[in-house]
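Undergrad: So I've got this file, model-v2.cif, and it contains mmCIF, C-alpha atoms and all ligand atoms:
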data_run
loop_
_atom_site.label_atom_id
_atom_site.label_comp_id
_atom_site.auth_asym_id
_atom_site.auth_seq_id
_atom_site.Cartn_x
_atom_site.Cartn_y
_atom_site.Cartn_z
CA MET M 588 143.90 97.47 89.74
CA SER M 589 141.60 95.40 87.58
CA ASP M 590 138.03 96.39 86.89
CA THR M 591 136.61 92.93 87.44
CA PRO M 592 133.76 92.85 89.89
CA LEU M 593 132.92 90.96 93.03
CA GLU M 594 131.27 87.73 91.96
CA LEU M 595 129.70 85.33 94.35
CA GLN M 596 127.59 82.26 94.38
CA LEU M 597 126.88 80.64 97.70
CA CYS M 598 124.64 78.23 99.57
CA HIS M 599 124.21 78.11 103.33
CA ASP M 600 121.49 76.68 105.55
CA LEU M 601 119.99 79.28 107.87
CA ARG M 602 118.47 78.05 111.09
CA THR M 603 115.59 80.48 111.45
CA ALA M 604 112.79 80.55 114.03
CA GLU M 605 110.50 79.18 111.29
CA GLY M 606 112.84 76.30 110.44
CA LEU M 607 115.54 75.66 107.88
CA VAL M 608 115.84 78.24 105.05
CA THR M 609 118.58 77.88 102.47
CA LEU M 610 120.51 81.03 101.61
CA ASN M 611 121.09 80.52 97.88
CA VAL M 612 122.45 83.61 96.19
CA GLU M 613 124.28 84.50 93.00
CA LEU M 614 125.39 88.13 92.83
CA ARG M 615 127.74 90.38 90.90
CA LEU M 616 128.80 93.82 92.13
CA GLU M 617 130.42 96.04 89.52
CA ARG M 618 133.62 97.67 90.71
CA GLY M 619 132.89 101.13 92.12
CA SER M 620 129.13 100.56 92.30
CA ILE M 621 126.78 101.04 95.25
CA THR M 622 124.30 98.20 95.71
CA ALA M 623 121.44 98.32 98.19
CA LEU M 624 120.40 94.99 99.68
CA THR M 625 116.88 94.95 101.03
CA GLY M 626 114.17 92.55 102.14
CA PRO M 627 112.24 91.45 105.22
CA SER M 628 113.89 90.63 108.52
CA GLY M 629 115.54 87.23 108.80
CA VAL M 630 115.95 86.47 105.09
CA GLY M 631 119.74 86.23 105.25
CA LYS M 632 121.03 89.72 104.41
CA THR M 633 123.43 89.91 107.35
CA THR M 634 124.61 86.35 106.78
CA LEU M 635 125.36 87.24 103.16
CA LEU M 636 127.45 90.24 104.28
CA ARG M 637 129.22 88.17 106.93
CA SER M 638 129.99 85.48 104.32
CA ILE M 639 131.55 88.07 102.02
CA ALA M 640 133.60 89.47 104.91
CA GLY M 641 134.83 86.00 105.90
CA LEU M 642 133.02 85.89 109.25
CA VAL M 643 130.80 83.02 108.08
CA LYS M 644 132.02 80.09 106.02
CA PRO M 645 129.20 79.09 103.64
CA GLN M 646 128.52 75.39 103.09
CA SER M 647 129.27 75.72 99.39
CA GLY M 648 130.01 78.26 96.68
CA ARG M 649 132.62 80.69 95.48
CA ILE M 650 133.45 84.34 96.21
CA ALA M 651 135.98 86.19 94.07
CA PHE M 652 136.92 89.85 94.00
CA GLY M 653 138.78 90.65 90.83
CA GLN M 654 141.56 88.09 90.45
CA GLU M 655 141.45 87.13 94.12
CA VAL M 656 139.49 84.08 95.20
CA TRP M 657 138.32 84.57 98.78
CA PHE M 658 136.26 81.41 99.04
CA ASP M 659 135.94 78.30 96.91
CA SER M 660 134.37 75.26 98.54
CA ASP M 661 135.49 72.92 95.71
CA LYS M 662 139.12 74.02 95.98
CA GLN M 663 138.93 74.38 99.77
CA ILE M 664 139.96 78.01 99.68
CA PHE M 665 138.85 80.20 102.58
CA LYS M 666 140.58 83.52 103.17
CA ILE M 667 140.24 84.94 106.69
CA PRO M 668 138.72 88.45 107.05
CA GLN M 669 142.15 90.14 107.31
CA GLN M 670 143.11 88.68 103.91
CA ARG M 671 140.04 90.16 102.21
CA ARG M 672 140.04 93.86 101.34
CA VAL M 673 136.75 94.45 103.10
CA GLY M 674 135.50 97.03 105.60
CA LEU M 675 132.40 96.17 107.60
CA VAL M 676 130.12 98.51 109.52
CA PHE M 677 127.35 97.15 111.72
CA GLN M 678 124.04 98.74 112.63
CA ASP M 679 125.04 99.11 116.30
CA TYR M 680 128.51 100.51 115.34
CA ALA M 681 130.24 97.94 117.62
CA LEU M 682 132.70 100.50 119.03
CA PHE M 683 134.89 99.66 122.01
CA PRO M 684 133.34 101.60 124.93
CA HIS M 685 136.58 101.91 126.91
CA LEU M 686 138.60 103.33 124.00
CA ASN M 687 138.45 106.90 122.73
CA VAL M 688 137.71 107.87 119.13
CA ARG M 689 141.35 107.78 117.99
CA GLN M 690 141.98 104.43 119.68
CA ASN M 691 138.82 102.96 118.16
CA VAL M 692 139.83 104.05 114.67
CA SER M 693 143.45 102.92 115.05
CA PHE M 694 142.59 99.61 116.70
CA ALA M 695 143.50 97.52 113.65
CA LEU M 696 146.73 99.46 113.02
CA LYS M 697 149.71 97.14 113.24
CA LYS M 698 152.59 97.99 115.58
CA GLY M 699 154.85 100.66 114.13
CA GLU M 700 152.37 101.54 111.37
CA ASP M 701 151.95 105.20 110.45
CA GLN M 702 149.41 107.16 112.55
CA GLY M 703 149.08 109.56 109.59
CA ARG M 704 146.37 107.43 108.06
CA VAL M 705 144.34 107.69 111.31
CA ASP M 706 144.72 111.50 111.26
CA GLU M 707 143.59 111.55 107.62
CA LEU M 708 140.51 109.46 108.35
CA LEU M 709 139.59 111.52 111.43
CA ARG M 710 139.79 114.63 109.25
CA GLU M 711 137.76 112.92 106.54
CA VAL M 712 134.84 112.20 108.89
CA GLU M 713 135.32 115.52 110.77
CA LEU M 714 136.16 113.96 114.12
CA THR M 715 139.61 115.44 114.73
CA LYS M 716 138.31 117.67 117.52
CA LEU M 717 136.54 114.75 119.20
CA ALA M 718 139.49 112.33 118.98
CA ASP M 719 139.82 112.05 122.79
CA ARG M 720 136.16 111.37 123.50
CA ARG M 721 134.75 107.98 124.40
CA PRO M 722 131.78 106.55 122.41
CA HIS M 723 129.21 107.38 125.14
CA GLN M 724 130.16 111.07 124.82
CA LEU M 725 129.21 111.08 121.10
CA SER M 726 125.93 111.36 119.21
CA GLY M 727 124.69 108.41 117.14
CA GLY M 728 125.85 110.09 113.94
CA GLN M 729 129.31 110.76 115.36
CA GLN M 730 129.61 107.16 116.55
CA GLN M 731 128.64 105.97 113.10
CA ARG M 732 131.38 108.15 111.59
CA VAL M 733 133.91 106.55 113.97
CA ALA M 734 132.73 103.12 112.80
CA LEU M 735 133.11 104.25 109.17
CA ALA M 736 136.62 105.60 109.75
CA ARG M 737 137.61 102.36 111.50
CA ALA M 738 136.27 100.28 108.61
CA LEU M 739 138.25 102.42 106.14
CA LEU M 740 141.57 102.11 108.00
CA PRO M 741 142.89 99.02 106.19
CA ASN M 742 142.17 100.64 102.80
CA PRO M 743 139.37 98.29 101.81
CA GLU M 744 138.13 98.15 98.25
CA LEU M 745 134.79 96.74 99.31
CA LEU M 746 132.68 98.34 102.04
CA LEU M 747 129.87 96.29 103.59
CA LEU M 748 127.35 98.34 105.54
CA ASP M 749 124.64 96.60 107.56
CA GLU M 750 121.85 99.14 108.11
CA PRO M 751 124.42 101.73 109.18
CA LEU M 752 122.03 104.67 109.31
CA SER M 753 118.80 103.10 110.52
CA ALA M 754 119.19 104.21 114.15
CA LEU M 755 119.67 107.87 113.19
CA ASP M 756 117.09 110.59 112.77
CA ARG M 757 116.23 111.84 109.29
CA ALA M 758 118.48 114.94 109.32
CA MET M 759 121.48 112.93 110.53
CA ARG M 760 120.74 110.18 107.97
CA LEU M 761 120.83 112.69 105.14
CA ARG M 762 124.15 114.10 106.37
CA LEU M 763 125.66 110.63 106.72
CA GLN M 764 124.43 109.70 103.24
CA ASP M 765 126.43 112.66 101.93
CA TYR M 766 129.50 111.38 103.82
CA LEU M 767 129.03 107.94 102.30
CA LEU M 768 128.81 109.39 98.80
CA GLU M 769 131.93 111.49 99.40
CA ILE M 770 133.86 108.52 100.83
CA HIS M 771 132.67 106.33 97.98
CA ARG M 772 133.94 108.87 95.45
CA ARG M 773 137.23 109.61 97.20
CA TYR M 774 138.27 106.02 97.89
CA GLN M 775 136.66 104.52 94.76
CA LEU M 776 134.93 101.90 96.83
CA THR M 777 132.51 99.18 95.89
CA ILE M 778 129.70 99.30 98.45
CA LEU M 779 127.06 96.78 99.50
CA LEU M 780 124.57 98.41 101.84
CA VAL M 781 121.70 96.79 103.73
CA THR M 782 118.86 99.27 104.05
CA HIS M 783 115.07 99.42 104.23
CA ASP M 784 114.87 103.14 103.53
CA LEU M 785 113.70 103.74 99.97
CA GLY M 786 114.79 107.37 100.07
CA GLU M 787 118.28 106.16 100.95
CA ILE M 788 118.21 103.52 98.22
CA PHE M 789 117.22 106.08 95.65
CA ARG M 790 119.80 108.61 96.78
CA LEU M 791 122.74 106.22 97.07
CA ALA M 792 122.32 103.05 95.07
CA ASP M 793 123.10 102.18 91.45
CA GLN M 794 121.53 98.79 91.92
CA VAL M 795 118.94 97.29 94.29
CA VAL M 796 118.80 93.64 95.26
CA LYS M 797 115.58 92.49 96.94
CA MET M 798 115.82 89.28 98.96
CA ASP M 799 113.24 86.99 100.48
CA GLU M 800 113.64 83.61 102.16
CA GLY M 801 117.30 83.33 101.31
CA LYS M 802 116.88 84.10 97.58
CA ILE M 803 117.16 87.14 95.35
CA MET M 804 113.63 87.96 94.20
CA ASN M 805 114.23 91.12 92.18
CA GLN M 806 117.23 93.11 91.00
CA GLY M 807 117.78 96.28 88.98
CA THR M 808 118.20 100.02 89.21
CA PRO M 809 116.02 101.73 91.87
CA GLU M 810 113.85 103.07 89.04
CA GLN M 811 113.38 99.59 87.52
CA VAL M 812 112.56 98.01 90.85
CA TYR M 813 110.35 100.67 92.36
CA THR M 814 108.92 103.03 89.79
CA SER M 815 105.20 102.72 89.43
CA GLU M 816 103.75 103.04 85.94
CA PHE M 817 100.63 104.51 87.43
CA GLU M 818 99.99 107.86 89.04
CA PRO M 819 98.51 107.44 92.51
CA SER M 820 94.76 107.73 91.99
CA PRO M 821 92.83 110.66 93.43
CA GLY M 822 91.57 109.65 96.83
CA PRO M 823 92.73 109.88 100.38
CA VAL M 824 95.59 112.10 101.48
CA LEU M 825 98.94 110.49 100.72
CA TYR M 826 102.25 111.01 102.49
CA GLY M 827 105.46 110.94 100.52
CA GLU M 828 109.07 111.97 100.39
CA VAL M 829 110.68 114.06 97.67
CA LEU M 830 113.56 112.23 96.03
CA SER M 831 114.49 114.74 93.36
CA CYS M 832 113.17 117.95 91.89
CA HIS M 833 114.47 119.45 88.64
CA VAL M 834 113.18 122.79 87.43
CA GLU M 835 113.53 123.76 83.78
CA ASN M 836 111.68 126.36 81.74
CA GLY M 837 109.19 127.03 84.51
CA MET M 838 108.28 123.35 84.91
CA ALA M 839 109.40 121.01 87.70
CA THR M 840 109.91 117.28 87.33
CA VAL M 841 109.53 115.72 90.75
CA GLN M 842 110.34 112.16 91.73
CA ALA M 843 108.67 111.21 94.96
CA LEU M 844 108.33 108.16 97.11
CA ILE M 845 104.72 107.35 97.94
CA ASP M 846 103.57 104.11 99.48
CA GLN M 847 106.83 102.26 98.76
CA ARG M 848 106.84 103.24 95.07
CA ILE M 849 108.55 106.00 93.13
CA HIS M 850 106.22 108.31 91.22
CA LYS M 851 107.02 111.09 88.75
CA PHE M 852 105.07 114.31 88.59
CA ARG M 853 105.23 117.34 86.30
CA LEU M 854 104.24 120.55 88.07
CA SER M 855 104.65 124.21 87.42
CA ALA M 856 107.77 125.53 89.17
CA ALA M 857 105.50 127.68 91.36
CA GLU M 858 103.59 124.61 92.56
CA ALA M 859 106.84 122.86 93.41
CA THR M 860 108.36 125.63 95.54
CA SER M 861 107.32 123.98 98.81
CA LEU M 862 108.99 120.69 97.89
CA VAL M 863 112.46 120.04 99.28
CA VAL M 864 114.56 116.98 98.49
CA GLY M 865 114.65 114.60 101.44
CA GLN M 866 111.63 116.18 103.08
CA PRO M 867 108.21 114.64 103.55
CA PHE M 868 105.10 116.10 101.94
CA VAL M 869 101.36 115.57 101.84
CA LEU M 870 99.59 115.03 98.53
CA ARG M 871 95.91 115.95 98.28
CA TYR M 872 93.68 116.08 95.26
CA SER M 873 91.75 119.23 94.62
CA VAL M 874 89.10 118.28 92.03
CA ASP M 875 91.44 115.99 90.05
CA LYS M 876 94.59 118.06 90.32
CA PRO M 877 97.35 116.98 92.72
CA VAL M 878 98.33 119.57 95.35
CA PHE M 879 101.55 119.10 97.28
CA GLU M 880 101.94 120.54 100.75
CA LYS M 881 104.94 120.61 103.02
CA VAL M 882 104.62 118.69 106.30
CA ARG M 883 105.13 121.09 109.16
N1 LIG M 901 125.96 81.43 110.59
C1 LIG M 901 124.68 81.08 110.57
N2 LIG M 901 124.34 79.80 110.30
C2 LIG M 901 123.04 79.43 110.24
N3 LIG M 901 122.01 80.26 110.49
C3 LIG M 901 122.29 81.53 110.77
C4 LIG M 901 123.64 82.02 110.82
N4 LIG M 901 123.62 83.33 111.13
C5 LIG M 901 122.32 83.67 111.26
N5 LIG M 901 121.52 82.58 111.06
C6 LIG M 901 120.05 82.58 111.08
O1 LIG M 901 119.63 82.95 109.77
C7 LIG M 901 118.47 83.78 109.80
C8 LIG M 901 118.73 85.00 108.97
O2 LIG M 901 119.56 85.90 109.70
P1 LIG M 901 120.18 87.23 109.07
O3 LIG M 901 120.66 88.03 110.23
O4 LIG M 901 121.15 86.88 108.02
O5 LIG M 901 118.90 87.89 108.39
P2 LIG M 901 118.66 89.40 107.97
O6 LIG M 901 117.96 89.34 106.66
O7 LIG M 901 119.92 90.17 108.03
O8 LIG M 901 117.67 89.91 109.11
P3 LIG M 901 117.56 91.37 109.81
O9 LIG M 901 117.06 92.31 108.74
O10 LIG M 901 116.55 91.13 110.88
O11 LIG M 901 118.90 91.72 110.33
C9 LIG M 901 118.20 84.07 111.29
O12 LIG M 901 117.09 83.31 111.69
C10 LIG M 901 119.47 83.62 112.00
O13 LIG M 901 119.18 83.06 113.26
#
Could you write out this file's structure as structure tokens?

TA:
Amino acid sequence: MSDTPLELQLCHDLRTAEGLVTLNVELRLERGSITALTGPSGVGKTTLLRSIAGLVKPQSGRIAFGQEVWFDSDKQIFKIPQQRRVGLVFQDYALFPHLNVRQNVSFALKKGEDQGRVDELLREVELTKLADRRPHQLSGGQQQRVALARALLPNPELLLLDEPLSALDRAMRLRLQDYLLEIHRRYQLTILLVTHDLGEIFRLADQVVKMDEGKIMNQGTPEQVYTSEFEPSPGPVLYGEVLSCHVENGMATVQALIDQRIHKFRLSAAEATSLVVGQPFVLRYSVDKPVFEKVR
């Protein structure tokens, strides 16, 4: 397998409620990386994913993954979705309601193909015991794991995830993020993930791509894109989420998400004991010293 990345450049007119907006994007995803794609509603994120998967044919451009050219408007190349090594998971899971878990996962299996891969994937997402259930008998998180297993069945090298965790509660989102990281590691996948959740971006992504009106506005590591150079100023109570907390020699370095920005704090380890990664907190200022409190 080569290490060359996914490279794309495409143009496509979007017919939005506000009129014509041209999706005009140039993007490179390093092999094995996780990229978060974010931006306001209607700016073309889903259309970009669907173009990569082969569900939309852009008006012009080129998409290549390694040595394989999936789309080239000049050379009139357009590979259908089944010829691209892509798995796609939608926000609403898109499971077949009349099929059970096993049947949903094995849907794309060709006749005579080995069921062993289905068993492996069911084990991987811990659904073996629920294999006979229908989607309506599953929780949102379980349904999402079925959708993930189904997307992984054809052994994709690229996984496209369109807000896969947004409908889940916080605890389930954190668990599913761990699954994604494990699956990413085990199958050495390249992942492009649409998400609006900064905690998720920080936990999962190597790279963030911010889009607006069909264009890429900003791109870089989560730290480059979101880290504020300024401490939040003493003032009203602030709500935040702990992204990471490292304790060394009695001091804690905390990275926290406050007001859509990442901030770093140095606290004594004792002051940081109430802070848990993934959990929200309240930040107050007592005189001019920040005090963190757990949200109950
Ligand atoms: N194949 C298509 N051709 C032209 N326009 C499209 C196509 N698919 C979607 N659109 C329009 O393009 C706009 C952008 O849609 P898209 O779903 O890509 O945005 P998005 O950034 O994913 O939004 P959201 O976050 O709300 O899902 C919408 O107004 C939609 O109606």

Undergrad: Which residues of stretch 629-656 of chain M come within 12 Å of stretch 610-618 of chain M, and for each one, what is the closest pair of atoms and their distance in Å to one decimal, counting all atoms listed in the file, sorted by chain and residue number, as a Markdown table?

TA:
| residue | atom | partner | partner_atom | distance |
| --- | --- | --- | --- | --- |
| M:Gly629 | CA | M:Leu610 | CA | 10.7 |
| M:Val630 | CA | M:Leu610 | CA | 7.9 |
| M:Gly631 | CA | M:Leu610 | CA | 6.4 |
| M:Lys632 | CA | M:Leu610 | CA | 9.1 |
| M:Thr633 | CA | M:Leu610 | CA | 11.0 |
| M:Thr634 | CA | M:Leu610 | CA | 8.5 |
| M:Leu635 | CA | M:Leu610 | CA | 8.0 |
| M:Leu636 | CA | M:Val612 | CA | 11.6 |
| M:Ser638 | CA | M:Leu610 | CA | 10.8 |
| M:Ile639 | CA | M:Leu614 | CA | 11.1 |
| M:Pro645 | CA | M:Leu610 | CA | 9.1 |
| M:Gln646 | CA | M:Leu610 | CA | 9.9 |
| M:Ser647 | CA | M:Asn611 | CA | 9.6 |
| M:Gly648 | CA | M:Glu613 | CA | 9.2 |
| M:Arg649 | CA | M:Glu613 | CA | 9.5 |
| M:Ile650 | CA | M:Leu614 | CA | 9.5 |
| M:Ala651 | CA | M:Arg615 | CA | 9.8 |
| M:Phe652 | CA | M:Arg618 | CA | 9.1 |
| M:Gly653 | CA | M:Arg618 | CA | 8.7 |

Undergrad: Restricting it to C-alpha atoms, dump the selection as an mmCIF file, in the frame of the given file.

TA:
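Output file part.cif follows:
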data_model
loop_
_atom_site.group_PDB
_atom_site.id
_atom_site.type_symbol
_atom_site.label_atom_id
_atom_site.label_comp_id
_atom_site.auth_asym_id
_atom_site.auth_seq_id
_atom_site.Cartn_x
_atom_site.Cartn_y
_atom_site.Cartn_z
ATOM 1 C CA GLY M 629 115.540 87.230 108.800
ATOM 2 C CA VAL M 630 115.950 86.470 105.090
ATOM 3 C CA GLY M 631 119.740 86.230 105.250
ATOM 4 C CA LYS M 632 121.030 89.720 104.410
ATOM 5 C CA THR M 633 123.430 89.910 107.350
ATOM 6 C CA THR M 634 124.610 86.350 106.780
ATOM 7 C CA LEU M 635 125.360 87.240 103.160
ATOM 8 C CA LEU M 636 127.450 90.240 104.280
ATOM 9 C CA SER M 638 129.990 85.480 104.320
ATOM 10 C CA ILE M 639 131.550 88.070 102.020
ATOM 11 C CA PRO M 645 129.200 79.090 103.640
ATOM 12 C CA GLN M 646 128.520 75.390 103.090
ATOM 13 C CA SER M 647 129.270 75.720 99.390
ATOM 14 C CA GLY M 648 130.010 78.260 96.680
ATOM 15 C CA ARG M 649 132.620 80.690 95.480
ATOM 16 C CA ILE M 650 133.450 84.340 96.210
ATOM 17 C CA ALA M 651 135.980 86.190 94.070
ATOM 18 C CA PHE M 652 136.920 89.850 94.000
ATOM 19 C CA GLY M 653 138.780 90.650 90.830
#

Undergrad: Please, which residues in chain M fall within 12 Å of ligand LIG 901 (chain M) when counting all atoms listed in the file, and what is the closest atom pair and distance in Å to one decimal for each, ordered by chain then residue number, as a tab-separated table?

TA:
residue	atom	partner	partner_atom	distance
M:Cys598	CA	M:LIG901	N2	10.8
M:His599	CA	M:LIG901	C2	7.1
M:Asp600	CA	M:LIG901	C2	5.7
M:Leu601	CA	M:LIG901	N3	3.5
M:Arg602	CA	M:LIG901	N3	4.2
M:Thr603	CA	M:LIG901	O12	3.2
M:Ala604	CA	M:LIG901	O12	5.6
M:Glu605	CA	M:LIG901	O12	7.8
M:Gly606	CA	M:LIG901	O12	8.3
M:Leu607	CA	M:LIG901	N3	8.4
M:Val608	CA	M:LIG901	O1	7.7
M:Thr609	CA	M:LIG901	O1	8.9
M:Leu610	CA	M:LIG901	O1	8.4
M:Asn611	CA	M:LIG901	O4	12.0
M:Leu624	CA	M:LIG901	O6	9.3
M:Thr625	CA	M:LIG901	O6	8.0
M:Gly626	CA	M:LIG901	O6	6.7
M:Pro627	CA	M:LIG901	O9	6.0
M:Ser628	CA	M:LIG901	O10	3.6
M:Gly629	CA	M:LIG901	O8	3.4
M:Val630	CA	M:LIG901	O6	3.8
M:Gly631	CA	M:LIG901	O4	3.2
M:Lys632	CA	M:LIG901	O7	3.8
M:Thr633	CA	M:LIG901	O7	3.6
M:Thr634	CA	M:LIG901	O4	3.7
M:Leu635	CA	M:LIG901	O4	6.4
M:Leu636	CA	M:LIG901	O4	8.1
M:Arg637	CA	M:LIG901	O4	8.2
M:Ser638	CA	M:LIG901	N1	8.5
M:Gly641	CA	M:LIG901	N1	11.0
M:Leu642	CA	M:LIG901	N1	8.5
M:Val643	CA	M:LIG901	N1	5.7
M:Lys644	CA	M:LIG901	N1	7.7
M:Pro645	CA	M:LIG901	N1	8.0
M:Gln646	CA	M:LIG901	N2	9.4
M:Phe677	CA	M:LIG901	O11	10.1
M:Gln678	CA	M:LIG901	O11	9.0
M:Asp679	CA	M:LIG901	O11	11.3
M:Leu748	CA	M:LIG901	O7	11.3
M:Asp749	CA	M:LIG901	O7	8.0
M:Glu750	CA	M:LIG901	O11	8.3
M:Pro751	CA	M:LIG901	O11	11.5
M:Ser753	CA	M:LIG901	O9	11.1
M:Leu780	CA	M:LIG901	O7	11.3
M:Val781	CA	M:LIG901	O7	8.1
M:Thr782	CA	M:LIG901	O9	8.6
M:His783	CA	M:LIG901	O9	8.7
M:Lys797	CA	M:LIG901	O6	10.5
M:Met798	CA	M:LIG901	O6	8.0
M:Asp799	CA	M:LIG901	O6	8.1
M:Glu800	CA	M:LIG901	O6	8.5
M:Gly801	CA	M:LIG901	C8	8.0
M:Lys802	CA	M:LIG901	O6	10.5
M:Ile803	CA	M:LIG901	O6	11.5

Undergrad: Considering only C-alpha atoms, can you say which of M:Tyr680, M:Phe658, M:Gly619, M:Arg704 comes closest to M:Leu597?

TA: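 Nearest candidate to M:Leu597 out of M:Tyr680, M:Phe658, M:Gly619, M:Arg704: M:Phe658.
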
Undergrad: Ranking M:Gly728, M:Leu740, M:Arg790, M:Val829 by minimum distance to M:Gly703 and counting all atoms listed in the file, which one comes first?

TA: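 Counting all atoms listed in the file, the residue closest to M:Gly703 is M:Leu740.
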
Undergrad: Got a sec: who's within 12 Å of stretch 855-869 of chain M, counting only C-alpha atoms, leaving out chain neighbours fewer than 5 positions off, as JSON, numbers by chain?

TA: {"M": [757, 758, 759, 760, 761, 762, 764, 765, 784, 785, 786, 787, 789, 790, 823, 824, 825, 826, 827, 828, 829, 830, 831, 832, 833, 834, 835, 836, 837, 838, 839, 840, 841, 842, 843, 844, 845, 846, 876, 877, 878, 879, 880, 881, 882, 883]}

Undergrad: So what do you get for atom CA of M:Arg720 versus atom CA of M:Leu696, distance-wise?

TA: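 Taking atom CA of M:Arg720 as the start and atom CA of M:Leu696 as the end point, the length is 19.1 Å.
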
Undergrad: How big is the axis-aligned box, and where does its centre sit, when it encloses all atoms of stretch 797-810 of chain M listed in the file and has 4 Å added on every side, reported in Å to one decimal as AutoDock Vina command-line options?

TA:
--center_x 115.7 --center_y 93.2 --center_z 95.6 --size_x 13.0 --size_y 27.7 --size_z 21.2

Undergrad: What's the 12 Å shell around M:Ile770, counting only C-alpha atoms, without same-chain residues fewer than 2 positions away, as a count of residues only?

TA: 30

Undergrad: To one decimal place in Å, what is the distance between atom CA of M:His723 and atom CA of M:Arg672?

TA: 29.4 Å

Undergrad: Got a sec: who's within 10 Å of M:Gln811, counting all atoms listed in the file, leaving out chain neighbours fewer than 4 positions off, as a PDB file with C-alpha atoms, in the coordinates of the input?

TA:
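Result file is around.pdb:
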ATOM      1  CA  GLN M 794     121.530  98.790  91.920  1.00  0.00           C
ATOM      2  CA  VAL M 795     118.940  97.290  94.290  1.00  0.00           C
ATOM      3  CA  ASN M 805     114.230  91.120  92.180  1.00  0.00           C
ATOM      4  CA  GLN M 806     117.230  93.110  91.000  1.00  0.00           C
ATOM      5  CA  GLY M 807     117.780  96.280  88.980  1.00  0.00           C
ATOM      6  CA  SER M 815     105.200 102.720  89.430  1.00  0.00           C
ATOM      7  CA  ILE M 849     108.550 106.000  93.130  1.00  0.00           C
TER       8      ILE M 849
END
